[in-house]
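Structure first, commentary second.
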Amino acid sequence: MSVTTNNFYGAKGRRKIYHISKVLDENVKKLKSDKIPKDFRPRIDGPSVGWKTFFRQQEAFSYARRKSSDLHVFSFESESLGSETGQRMFLVASYPVFWHYYRQLDQQKKTHYELIPEGSVCKLYFDLEFPKENNRNCDGSTMTDIFIKYVTRWMEEIFKVQCSKEHVLSLDASTEKKFSRHLIFQLKKTAFQDNIHAGNFVKFILQKLKVEINKLKKNLSDVLDFDETSFISKSDNSSDEQTVPCVNRLDSQRRSQEQDKNNHKASKVMDRFTEEELLSMVVRNKNNEETLFCDQGVYTKNRNFRLYQSRKFGKSNPLVISEDNLYIPPKDEVMSYEHLIFNDSLIANIEYSPALRILQFALVCQFSNRLSSGNVEAKTCGKAEDIVEGFTKSPYPEIDNFISSTLKTDSKAGRIRHWTYFSQGELIVYDIVGYRYCHNIEREHKSNNIMLLADLKRGVYYQKCHDPECKYLSYKSPDKSIPKEALPSFYFDESFDEFDEGVDDMDILNAALEMEKTIDDRINENMDKT
DNA sequence: GGTTACGTATGTTCGGC
DNA sequence: CGAACATACGTA
């Protein structure tokens with residue numbers, strides 16, 4: 001299959017593009033065959049390279065999921081007749097294919113976004129911005145340095161992760177009117193569970209910053225006898241929705257201890273900043289209201305995050321490397337510097353490694369509202385949090401089902417408590433509860449749970465576990481194969497395409513029903529325990 | 001033939017007091 | 001009356 005240029009370009013550039021796409025196809029073929037042993041990836045055999053545009057996000061995800069392998073969804077703003085805003089479209093390709101094609105586009109046509117998939121492991125990232133007009137005396141570069149320092153102190157305090165400005169890829173899209181940057185943290189062997197968790201962490205540390213700044217402002221107004229309204233009033237009520245780093249099973253007692261600990265941590269972090277530094281992160285937005293210059297709105301599901309070298313449709317300020325960026329990608333003999341930067345700029349481009357640390361940060365009270373409705377006993381935060389983790393279906397429901405089916409013995413049935421999906425790596429890590437058979441010790445563990453890893457690339461799964469002994473040996477059970485009907489490649493045939501919507505709707509409906517059932521079961525379980 | 005997700009504002013329903 | 005839920009609209 002060749003790259004379809006028709007949907008993506010006007011008729012004009014088609015000839016040129018045809019040549020490019022031919023070269024591309026060849027490169028890609030070579031790349032793929034180098035990377036992947038043939039017998040492991042029957043579905044990738046042959047000339048076919050996943051590449052397709054869609055009008056709907058859902059269709060793009062379905063396609064990428066079915067073809068699996070290393071495909072990712074991007075979006076872009078395509079020109080449409082008589083519209084000053086581009087029509088958003090979706091595009092599925094692997095990272096190398098995407099780059100080879102994207103890099104050759106006219107600057108003007110680079111209006112592309114990464115789709116940070118719901119539930120896939122991701123980097124810590126930030127969007128920093130303020131209108132220059134309302135912040136004449138602000139120096140964005142200095143503010144960014146302070147902000148990075150602020151974030152890294154918290155990373156150290158909460159996760160014991162060490163990092164500094166050298167680990168932060170800084171991209172700039174500033175104009176005369178607006179300061180605008182993206183920060184993408186390049187942490188070795190460390191990633192967030194997904195962008196919601198990353199967002200929880202960000203919101204938590206920004207909340208602490210707001211509280212601290214309000215204290216400073218209050219002192220200031222007391223001294224000066226001013227009665228200024230307190231800064232960022234809208235979010236002040238969120239102080240009742242305290243956030244806590246994800247610690248499983250917090251009862252309310254533990255929770256308040258946790259909060260004390262947090263307050264202690266907060267002052268430990270805050271003490272390392274001068275008042276001036278803290279206050280420097282406050283700006284006025286375009287309505288001239290005070291706010292932080294870090295945008296909190298970029299941590300939503302399936303968030304579109306503008307790509308390196310891309311601009312908003314019709315604008316002329318692409319994201320380029322900031323002049324004060326200190327991050328240098330590790331040298332590579334094959335890939336160009338730009339290519340390396342592109343790869344590192346991708347938020348969900350995380351390579352799986354057994355040593356990868358996955359950071360979680362849950363809002364403890366996030367779900368308690370839903371459970372409450374009268375029964376105060378039933379809504380302790382810890383339990384709510386337990387329920388939150390792990391019942392959403394992974395991007396591969398067929399594999400979920402297969403994995404679940406392997407957890408049954410005559411006496412008991414385990415279940416998937418949690419999954420972690422590696423967007424790049426064609427790998428799903430399942431945390432299992434209720435079934436602890438470990439191939440290493442050839443019996444069940446007494447107190448540690450096991451995990452199952454599904455390697456979609458090779459079509460196999462194997463078992464590892466949380467037991468310290470097994471972990472120390474980095475024990476991994478022999479591979480077992482996943483039946484082909486559970487693998488995405490089973491649906492590889494193009495003729496399935498026309499059934500897309502029907503199948504998806506059913507899937508969604510079933511998943512929804514299943515999920516409700518799971519929630520109900522778990523609520524009941526927890527009620528039983530109390 | 002064709003966006004998506006979410007915050008905010010505003011409207012509506014419902015049950016307790 | 002207010003909480004909970006529904007609908008509409010604007011924004012990126």
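Here, A, B, ... name the chains of the structure tokens in the order displayed, residue numbers run from 1 inside each chain, and ligands are numbered from 1 in the same displayed order.
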What are the nearest atom pairs, with distances in Å to one decimal, for all residues of chain B that come at most 9 Å from chain A, using only C-alpha atoms (C1' of nucleotides), set out by chain and rising residue number as a tab-separated table?
```
residue	atom	partner	partner_atom	distance
B:DG2	C1'	A:Phe55	CA	5.3
B:DT3	C1'	A:Arg88	CA	5.6
B:DT4	C1'	A:Gln57	CA	8.1
B:DA5	C1'	A:Thr300	CA	7.6
B:DC6	C1'	A:Thr300	CA	8.1
```
DSSP says strand (DSSP E) for which residues of region 318-368 of chain A? Put them as a count of residues only?
-> 5
Quick one: everything within 7 Å of region 463-466 of chain A, counting only C-alpha atoms (C1' of nucleotides), minus sequence neighbours fewer than 2 positions away in the same chain. Send it as number ranges by chain.
-> A: 448-453, 468, 470-471, 475-477
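The residue that comes closest to chain C, out of A:Ile350, A:Leu307, A:Asn195, A:Thr85 and on the basis of only C-alpha atoms (C1' of nucleotides), is A:Thr85.
Counting from CA of Arg284 (chain A), the distance to C1' of DT10 (chain B) is 27.6 Å.
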Could you give me, as a tab-separated table, every chain C residue with an atom at most 12 Å from chain A, plus its closest atom pair and distance in Å to one decimal, counting only C-alpha atoms (C1' of nucleotides), rows ordered by chain then number?
```
residue	atom	partner	partner_atom	distance
C:DA3	C1'	A:Ser373	CA	10.8
C:DA4	C1'	A:Ser373	CA	10.6
C:DT11	C1'	A:Gly297	CA	11.3
C:DA12	C1'	A:Asn304	CA	9.5
```
Selection: 12 Å around DA8 (chain C), only C-alpha atoms (C1' of nucleotides), excl. self and same-chain fewer than 6 positions, as number ranges by chain = B: 8-11
Filtering to N, CA and C atoms (P, O5', C5', C4', C3', O3' and C1' of nucleotides), could you give me those residues as a PDB file, in the first residue's frame?
```
ATOM      1  P    DT B   8     -13.900  27.022  34.771  1.00  0.00           P
ATOM      2  O5'  DT B   8     -15.137  27.867  34.243  1.00  0.00           O
ATOM      3  C5'  DT B   8     -14.975  28.764  33.144  1.00  0.00           C
ATOM      4  C4'  DT B   8     -16.340  29.137  32.603  1.00  0.00           C
ATOM      5  C3'  DT B   8     -17.360  29.522  33.690  1.00  0.00           C
ATOM      6  O3'  DT B   8     -17.680  30.890  33.532  1.00  0.00           O
ATOM      7  C1'  DT B   8     -18.291  28.063  32.036  1.00  0.00           C
ATOM      8  P    DA B   9     -18.691  31.598  34.584  1.00  0.00           P
ATOM      9  O5'  DA B   9     -20.075  31.530  33.811  1.00  0.00           O
ATOM     10  C5'  DA B   9     -20.136  31.938  32.450  1.00  0.00           C
ATOM     11  C4'  DA B   9     -21.515  31.623  31.894  1.00  0.00           C
ATOM     12  C3'  DA B   9     -22.670  31.984  32.834  1.00  0.00           C
ATOM     13  O3'  DA B   9     -23.646  32.729  32.105  1.00  0.00           O
ATOM     14  C1'  DA B   9     -22.867  29.735  32.119  1.00  0.00           C
ATOM     15  P    DT B  10     -24.855  33.413  32.880  1.00  0.00           P
ATOM     16  O5'  DT B  10     -26.061  32.413  32.596  1.00  0.00           O
ATOM     17  C5'  DT B  10     -26.387  32.079  31.241  1.00  0.00           C
ATOM     18  C4'  DT B  10     -27.309  30.880  31.233  1.00  0.00           C
ATOM     19  C3'  DT B  10     -28.513  31.013  32.185  1.00  0.00           C
ATOM     20  O3'  DT B  10     -29.722  30.971  31.425  1.00  0.00           O
ATOM     21  C1'  DT B  10     -27.513  28.864  32.305  1.00  0.00           C
ATOM     22  P    DG B  11     -31.140  31.065  32.158  1.00  0.00           P
ATOM     23  O5'  DG B  11     -31.605  29.553  32.032  1.00  0.00           O
ATOM     24  C5'  DG B  11     -31.680  28.946  30.734  1.00  0.00           C
ATOM     25  C4'  DG B  11     -32.095  27.488  30.888  1.00  0.00           C
ATOM     26  C3'  DG B  11     -33.384  27.275  31.687  1.00  0.00           C
ATOM     27  O3'  DG B  11     -34.190  26.308  31.015  1.00  0.00           O
ATOM     28  C1'  DG B  11     -31.636  26.021  32.640  1.00  0.00           C
TER      29       DG B  11
END
```
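If you measure from each of A:Tyr435, A:Leu105, A:Glu156, A:Ser310 to Ser411 (chain A) using only C-alpha atoms, the closest one turns out to be A:Tyr435.
One distance worth recording is that between CA of Leu427 (chain A) and CA of Leu456 (chain A), which is 5.8 Å.
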Enumerate the residues of region 81-192 of chain A with a DSSP assignment of alpha helix (DSSP H), computed from the backbone, and present them as a PyMOL selection string.
-> chain A and resi 95-102+140-154
